[in-house]
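Enquirer: Structure file model.pdb (PDB, C-alpha atoms) is given on the next line.
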```pdb
ATOM      1  CA  MET A   2     -13.314 -16.787 -10.626  1.00  0.00           C
ATOM      2  CA  ASN A   3     -12.684 -13.270  -9.294  1.00  0.00           C
ATOM      3  CA  THR A   4     -13.623 -10.743 -11.989  1.00  0.00           C
ATOM      4  CA  ARG A   5     -13.102  -7.628  -9.902  1.00  0.00           C
ATOM      5  CA  THR A   6     -10.385  -5.175 -10.820  1.00  0.00           C
ATOM      6  CA  ILE A   7      -8.409  -2.693  -8.786  1.00  0.00           C
ATOM      7  CA  ALA A   8     -10.733   0.029 -10.105  1.00  0.00           C
ATOM      8  CA  ASP A   9     -13.599  -1.739  -8.329  1.00  0.00           C
ATOM      9  CA  MET A  10     -11.968  -1.219  -4.947  1.00  0.00           C
ATOM     10  CA  LYS A  11     -12.814   1.751  -2.748  1.00  0.00           C
ATOM     11  CA  ILE A  12     -10.934   2.560   0.475  1.00  0.00           C
ATOM     12  CA  LEU A  13     -11.923   4.838   3.338  1.00  0.00           C
ATOM     13  CA  ILE A  14      -8.766   6.533   4.643  1.00  0.00           C
ATOM     14  CA  ILE A  15      -8.960   7.920   8.185  1.00  0.00           C
ATOM     15  CA  ASP A  16      -6.311  10.164   9.742  1.00  0.00           C
ATOM     16  CA  ASP A  17      -6.334  13.257  11.928  1.00  0.00           C
ATOM     17  CA  LYS A  18      -3.562  14.984   9.969  1.00  0.00           C
ATOM     18  CA  ALA A  19      -4.269  16.604   6.606  1.00  0.00           C
ATOM     19  CA  SER A  20      -0.707  15.919   5.439  1.00  0.00           C
ATOM     20  CA  GLU A  21      -1.151  12.173   6.063  1.00  0.00           C
ATOM     21  CA  LEU A  22      -4.505  12.150   4.263  1.00  0.00           C
ATOM     22  CA  GLU A  23      -2.800  13.805   1.281  1.00  0.00           C
ATOM     23  CA  ARG A  24       0.034  11.239   1.297  1.00  0.00           C
ATOM     24  CA  ALA A  25      -2.446   8.351   1.426  1.00  0.00           C
ATOM     25  CA  ALA A  26      -4.589   9.895  -1.313  1.00  0.00           C
ATOM     26  CA  GLU A  27      -1.563  10.148  -3.601  1.00  0.00           C
ATOM     27  CA  VAL A  28      -0.838   6.434  -3.093  1.00  0.00           C
ATOM     28  CA  ALA A  29      -4.440   5.430  -3.824  1.00  0.00           C
ATOM     29  CA  LYS A  30      -4.550   7.673  -6.911  1.00  0.00           C
ATOM     30  CA  SER A  31      -1.266   6.261  -8.223  1.00  0.00           C
ATOM     31  CA  LYS A  32      -2.704   2.733  -7.964  1.00  0.00           C
ATOM     32  CA  GLY A  33      -6.054   3.652  -9.521  1.00  0.00           C
ATOM     33  CA  ILE A  34      -7.937   2.822  -6.332  1.00  0.00           C
ATOM     34  CA  GLY A  35     -11.068   4.751  -5.412  1.00  0.00           C
ATOM     35  CA  PHE A  36     -10.924   6.399  -2.014  1.00  0.00           C
ATOM     36  CA  GLN A  37     -12.713   8.623   0.434  1.00  0.00           C
ATOM     37  CA  LEU A  38     -10.809  10.723   2.980  1.00  0.00           C
ATOM     38  CA  TYR A  39     -11.962  11.368   6.518  1.00  0.00           C
ATOM     39  CA  ASN A  40     -10.483  13.505   9.291  1.00  0.00           C
ATOM     40  CA  PRO A  41     -12.028  12.264  12.565  1.00  0.00           C
ATOM     41  CA  THR A  42     -11.157  15.422  14.476  1.00  0.00           C
ATOM     42  CA  LEU A  43     -13.738  17.204  12.341  1.00  0.00           C
ATOM     43  CA  ASP A  44     -16.412  14.666  13.333  1.00  0.00           C
ATOM     44  CA  THR A  45     -19.080  16.672  15.053  1.00  0.00           C
ATOM     45  CA  TRP A  46     -22.627  16.062  16.187  1.00  0.00           C
ATOM     46  CA  GLY A  47     -23.786  17.784  13.010  1.00  0.00           C
ATOM     47  CA  ALA A  48     -21.692  15.477  10.812  1.00  0.00           C
ATOM     48  CA  ARG A  49     -23.128  12.408  12.522  1.00  0.00           C
ATOM     49  CA  GLN A  50     -26.659  13.702  11.963  1.00  0.00           C
ATOM     50  CA  THR A  51     -26.046  14.087   8.222  1.00  0.00           C
ATOM     51  CA  ASN A  52     -24.427  10.655   7.871  1.00  0.00           C
ATOM     52  CA  ASP A  53     -21.036  12.198   7.159  1.00  0.00           C
ATOM     53  CA  SER A  54     -19.135  10.375   9.885  1.00  0.00           C
ATOM     54  CA  TRP A  55     -16.947   7.305   9.481  1.00  0.00           C
ATOM     55  CA  PRO A  56     -19.445   4.688  10.755  1.00  0.00           C
ATOM     56  CA  GLU A  57     -21.859   5.607   7.964  1.00  0.00           C
ATOM     57  CA  MET A  58     -19.068   5.767   5.395  1.00  0.00           C
ATOM     58  CA  LEU A  59     -18.078   2.154   6.121  1.00  0.00           C
ATOM     59  CA  GLU A  60     -21.153   0.949   4.256  1.00  0.00           C
ATOM     60  CA  HIS A  61     -19.879   2.407   0.974  1.00  0.00           C
ATOM     61  CA  VAL A  62     -16.301   1.100   0.867  1.00  0.00           C
ATOM     62  CA  ASP A  63     -14.531  -2.235   0.522  1.00  0.00           C
ATOM     63  CA  ALA A  64     -11.667  -1.505   2.894  1.00  0.00           C
ATOM     64  CA  ILE A  65     -10.518   0.929   5.556  1.00  0.00           C
ATOM     65  CA  ALA A  66      -7.041   2.264   6.314  1.00  0.00           C
ATOM     66  CA  THR A  67      -7.013   4.100   9.625  1.00  0.00           C
ATOM     67  CA  ASP A  68      -4.604   5.859  11.914  1.00  0.00           C
ATOM     68  CA  LEU A  69      -4.647   4.439  15.430  1.00  0.00           C
ATOM     69  CA  PHE A  70      -4.447   7.473  17.702  1.00  0.00           C
ATOM     70  CA  TRP A  71      -6.550  10.594  17.483  1.00  0.00           C
ATOM     71  CA  LYS A  72      -8.580  12.761  19.839  1.00  0.00           C
ATOM     72  CA  PRO A  73     -12.311  12.466  19.122  1.00  0.00           C
ATOM     73  CA  GLU A  74     -14.226  15.685  19.681  1.00  0.00           C
ATOM     74  CA  PHE A  75     -16.311  14.049  22.404  1.00  0.00           C
ATOM     75  CA  VAL A  76     -13.307  12.825  24.456  1.00  0.00           C
ATOM     76  CA  PRO A  77     -11.550  15.599  26.395  1.00  0.00           C
ATOM     77  CA  GLY A  78      -7.794  15.396  26.883  1.00  0.00           C
ATOM     78  CA  GLN A  79      -5.173  13.520  24.913  1.00  0.00           C
ATOM     79  CA  GLU A  80      -5.277  11.206  21.935  1.00  0.00           C
ATOM     80  CA  VAL A  81      -6.661   7.722  22.532  1.00  0.00           C
ATOM     81  CA  PRO A  82      -6.509   4.574  20.344  1.00  0.00           C
ATOM     82  CA  SER A  83      -9.711   5.556  18.549  1.00  0.00           C
ATOM     83  CA  GLY A  84      -8.701   3.542  15.496  1.00  0.00           C
ATOM     84  CA  LEU A  85      -9.610   0.397  17.448  1.00  0.00           C
ATOM     85  CA  LEU A  86     -13.253   1.503  17.236  1.00  0.00           C
ATOM     86  CA  VAL A  87     -12.882   1.640  13.466  1.00  0.00           C
ATOM     87  CA  VAL A  88     -11.354  -1.859  13.441  1.00  0.00           C
ATOM     88  CA  ILE A  89     -14.206  -3.277  15.533  1.00  0.00           C
ATOM     89  CA  GLN A  90     -16.858  -1.702  13.305  1.00  0.00           C
ATOM     90  CA  ALA A  91     -15.074  -2.766  10.112  1.00  0.00           C
ATOM     91  CA  LEU A  92     -14.647  -6.379  11.196  1.00  0.00           C
ATOM     92  CA  TYR A  93     -18.278  -6.488  12.347  1.00  0.00           C
ATOM     93  CA  ARG A  94     -19.274  -5.351   8.852  1.00  0.00           C
ATOM     94  CA  LYS A  95     -16.885  -7.859   7.243  1.00  0.00           C
ATOM     95  CA  LYS A  96     -14.717  -5.142   5.719  1.00  0.00           C
ATOM     96  CA  LEU A  97     -10.967  -5.335   5.202  1.00  0.00           C
ATOM     97  CA  VAL A  98      -9.181  -2.996   7.599  1.00  0.00           C
ATOM     98  CA  ALA A  99      -5.627  -1.861   8.260  1.00  0.00           C
ATOM     99  CA  ILE A 100      -4.103   0.225  11.022  1.00  0.00           C
ATOM    100  CA  CYS A 101      -1.490   2.570   9.572  1.00  0.00           C
ATOM    101  CA  THR A 102       0.219   4.406  12.395  1.00  0.00           C
ATOM    102  CA  ASP A 103       3.604   5.682  13.446  1.00  0.00           C
ATOM    103  CA  ALA A 104       4.390   3.115  16.129  1.00  0.00           C
ATOM    104  CA  SER A 105       7.645   1.528  15.114  1.00  0.00           C
ATOM    105  CA  LYS A 106       9.479  -0.215  17.923  1.00  0.00           C
ATOM    106  CA  ILE A 107      12.531  -0.769  15.718  1.00  0.00           C
ATOM    107  CA  ASP A 108      14.025   2.624  16.613  1.00  0.00           C
ATOM    108  CA  PRO A 109      12.625   4.187  19.816  1.00  0.00           C
ATOM    109  CA  ARG A 110      13.268   7.659  18.420  1.00  0.00           C
ATOM    110  CA  ARG A 111      10.637   6.929  15.773  1.00  0.00           C
ATOM    111  CA  GLY A 112       7.114   5.726  16.499  1.00  0.00           C
ATOM    112  CA  HIS A 113       5.321   8.007  18.916  1.00  0.00           C
ATOM    113  CA  HIS A 114       2.866   5.320  20.091  1.00  0.00           C
ATOM    114  CA  GLY A 115       5.038   2.189  20.241  1.00  0.00           C
ATOM    115  CA  GLU A 116       4.987   1.705  23.981  1.00  0.00           C
ATOM    116  CA  LYS A 117       1.257   2.362  24.232  1.00  0.00           C
ATOM    117  CA  ILE A 118       0.157  -0.230  21.692  1.00  0.00           C
ATOM    118  CA  GLY A 119       2.565  -3.148  21.914  1.00  0.00           C
ATOM    119  CA  PHE A 120      -0.074  -5.127  23.798  1.00  0.00           C
ATOM    120  CA  ILE A 121      -2.494  -4.932  20.850  1.00  0.00           C
ATOM    121  CA  TYR A 122      -0.100  -6.661  18.493  1.00  0.00           C
ATOM    122  CA  GLU A 123       1.519  -9.042  20.936  1.00  0.00           C
ATOM    123  CA  GLY A 124      -1.576  -9.856  22.986  1.00  0.00           C
ATOM    124  CA  TYR A 125      -4.097 -10.291  20.213  1.00  0.00           C
ATOM    125  CA  LEU A 126      -3.016  -9.873  16.604  1.00  0.00           C
ATOM    126  CA  GLN A 127      -0.123 -12.295  16.586  1.00  0.00           C
ATOM    127  CA  ASN A 128      -2.371 -15.084  17.888  1.00  0.00           C
ATOM    128  CA  ALA A 129      -5.181 -14.223  15.499  1.00  0.00           C
ATOM    129  CA  TRP A 130      -2.841 -14.270  12.506  1.00  0.00           C
ATOM    130  CA  ASP A 131      -1.260 -17.566  13.582  1.00  0.00           C
ATOM    131  CA  VAL A 132      -4.701 -19.191  13.653  1.00  0.00           C
ATOM    132  CA  ASN A 133      -6.335 -17.461  10.657  1.00  0.00           C
ATOM    133  CA  LYS A 134      -3.505 -16.432   8.311  1.00  0.00           C
ATOM    134  CA  ASP A 135      -5.581 -16.855   5.160  1.00  0.00           C
ATOM    135  CA  THR A 136      -8.825 -15.315   6.360  1.00  0.00           C
ATOM    136  CA  PHE A 137      -7.991 -12.672   8.958  1.00  0.00           C
ATOM    137  CA  PRO A 138      -9.037  -9.374   7.281  1.00  0.00           C
ATOM    138  CA  PHE A 139      -6.866  -7.105   9.426  1.00  0.00           C
ATOM    139  CA  PHE A 140      -3.453  -5.582   8.751  1.00  0.00           C
ATOM    140  CA  TRP A 141      -0.968  -3.713  10.930  1.00  0.00           C
ATOM    141  CA  ASN A 142       1.532  -1.127   9.706  1.00  0.00           C
ATOM    142  CA  GLU A 143       3.799   0.556  12.273  1.00  0.00           C
ATOM    143  CA  GLU A 144       5.807   2.751   9.931  1.00  0.00           C
ATOM    144  CA  LYS A 145       2.990   4.966   8.643  1.00  0.00           C
ATOM    145  CA  ASP A 146       3.739   3.501   5.230  1.00  0.00           C
ATOM    146  CA  TRP A 147       0.602   4.207   3.189  1.00  0.00           C
ATOM    147  CA  GLU A 148       2.087   2.471   0.143  1.00  0.00           C
ATOM    148  CA  LYS A 149       2.496  -0.800   2.050  1.00  0.00           C
ATOM    149  CA  CYS A 150      -0.818  -0.425   3.865  1.00  0.00           C
ATOM    150  CA  ILE A 151      -2.859   0.157   0.707  1.00  0.00           C
ATOM    151  CA  HIS A 152      -0.940  -2.609  -1.088  1.00  0.00           C
ATOM    152  CA  GLN A 153      -1.873  -5.080   1.692  1.00  0.00           C
ATOM    153  CA  LEU A 154      -5.546  -4.123   1.410  1.00  0.00           C
ATOM    154  CA  HIS A 155      -5.415  -4.404  -2.378  1.00  0.00           C
ATOM    155  CA  LEU A 156      -3.895  -7.893  -2.241  1.00  0.00           C
ATOM    156  CA  ALA A 157      -6.516  -9.022   0.256  1.00  0.00           C
ATOM    157  CA  PHE A 158      -9.302  -7.484  -1.850  1.00  0.00           C
ATOM    158  CA  ASN A 159      -8.129  -9.398  -4.918  1.00  0.00           C
ATOM    159  CA  GLY A 160      -7.938 -12.594  -2.867  1.00  0.00           C
ATOM    160  CA  LEU A 161     -11.608 -12.469  -1.850  1.00  0.00           C
TER     161      LEU A 161
END
```
Take the structure in the file and write it out as C-alpha cells.

Expert:
Amino acid sequence: MNTRTIADMKILIIDDKASELERAAEVAKSKGIGFQLYNPTLDTWGARQTNDSWPEMLEHVDAIATDLFWKPEFVPGQEVPSGLLVVIQALYRKKLVAICTDASKIDPRRGHHGEKIGFIYEGYLQNAWDVNKDTFPFFWNEEKDWEKCIHQLHLAFNGL
C-alpha cells in the first residue's frame, strides 16, 4: 500500500524565465508540493563546481517539470531543445519528468516552438505511450500549463 502523501513529493522546476518559475512555484505551493526552482541560463561553470546545477539537483527530487527550449551558457546562438537533456537524465535516474512548454499546434499564433518539436511527440512519444501507458514516466504539456503539468506528475507520483 502506498503511504506517501503529496507533502512527500518534491519537484524540480526548470525554466529560463523568472515569470514562469514564479507561476509554477505558485501552483506547487497551492498544492502543498515541495519544489526547487532552477533557471538554466544562470548555470555557469562555477555553479556546476558547487553542485548547484540541475544534474546534481535531480538526485534530491521525485519529479522534474522542465521547459523545452532555452539557451545554455555554453551554447552560442539561439535557444535549443535543452529540456531533452533533462528528460534523458531524469529517465536514466528513474525520475518522473514532464516537458511544460509553449508549443501548442492548436492555434499557430500561439506556441512559439510547435513546428520545431512536432517530431518529438509524433516520432517518439506517441509510440512510447501506446506501448507503455501505465509505466511511461514522461509527460508532455504544450500549453505551458503548470497546473496541468504538476497535476500529471502528482498523479503519477501517487501511482508509484

Enquirer: To verify the selection step, state as an MDAnalysis selection string which residues the PyMOL selection byres ((chain A and resi 71) around 8) yields on this input.

Expert: chainID A and resid 16:17 41:42 68:70 72:73 80:84

Enquirer: Compile the contact shell of A:Glu21 as a VMD selection string: residues with an atom at most 12 Å away, counting all atoms listed in the file, same-chain residues fewer than 2 positions apart removed.

Expert: chain A and resid 14 to 19 23 to 28 38 to 40 66 to 68 101 to 103 145 to 148

Enquirer: Nearest to A:Leu97 among A:Ile151, A:Ile121, A:Val76, A:Ala64, with distances taken over only C-alpha atoms: which residue is it?

Expert: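 Counting only C-alpha atoms, the residue closest to A:Leu97 is A:Ala64.
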
Enquirer: So the first atom is atom CA of A:Ile12 and the second is atom CA of A:Gly78; what is the distance between them in Å, to one decimal place?

Expert: 29.5 Å

Enquirer: Would you mind listing what lies within 6 Å of stretch 138-141 of chain A as a PyMOL selection string, with all atoms listed in the file counted and same-chain residues fewer than 3 positions away left out?

Expert: chain A and resi 97-100

Enquirer: Can you measure atom CA of A:Asn159 to atom CA of A:Asp63 for me? One decimal in Å is fine.

Expert: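 We find that atom CA of A:Asn159 and atom CA of A:Asp63 lie 11.0 Å from each other.
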
Enquirer: Please report the interatomic distance between atom CA of A:Ala157 and atom CA of A:Ala29 in Å with one decimal.

Expert: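 Taking atom CA of A:Ala157 and atom CA of A:Ala29, their separation equals 15.2 Å.
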
Enquirer: Between A:Ala91, A:Ile65, A:Leu85, A:Ala104, which is the closest to A:Gln153 once you count only C-alpha atoms?

Expert: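 Under the stated criterion, the closest residue is A:Ile65.
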
Enquirer: Residue by residue, what does the PyMOL selection byres ((chain A and resi 62) around 9) grab here? Present the result as an NGL selection string.

Expert: :A and (10-13 or 35-37 or 58-61 or 63-65 or 96)
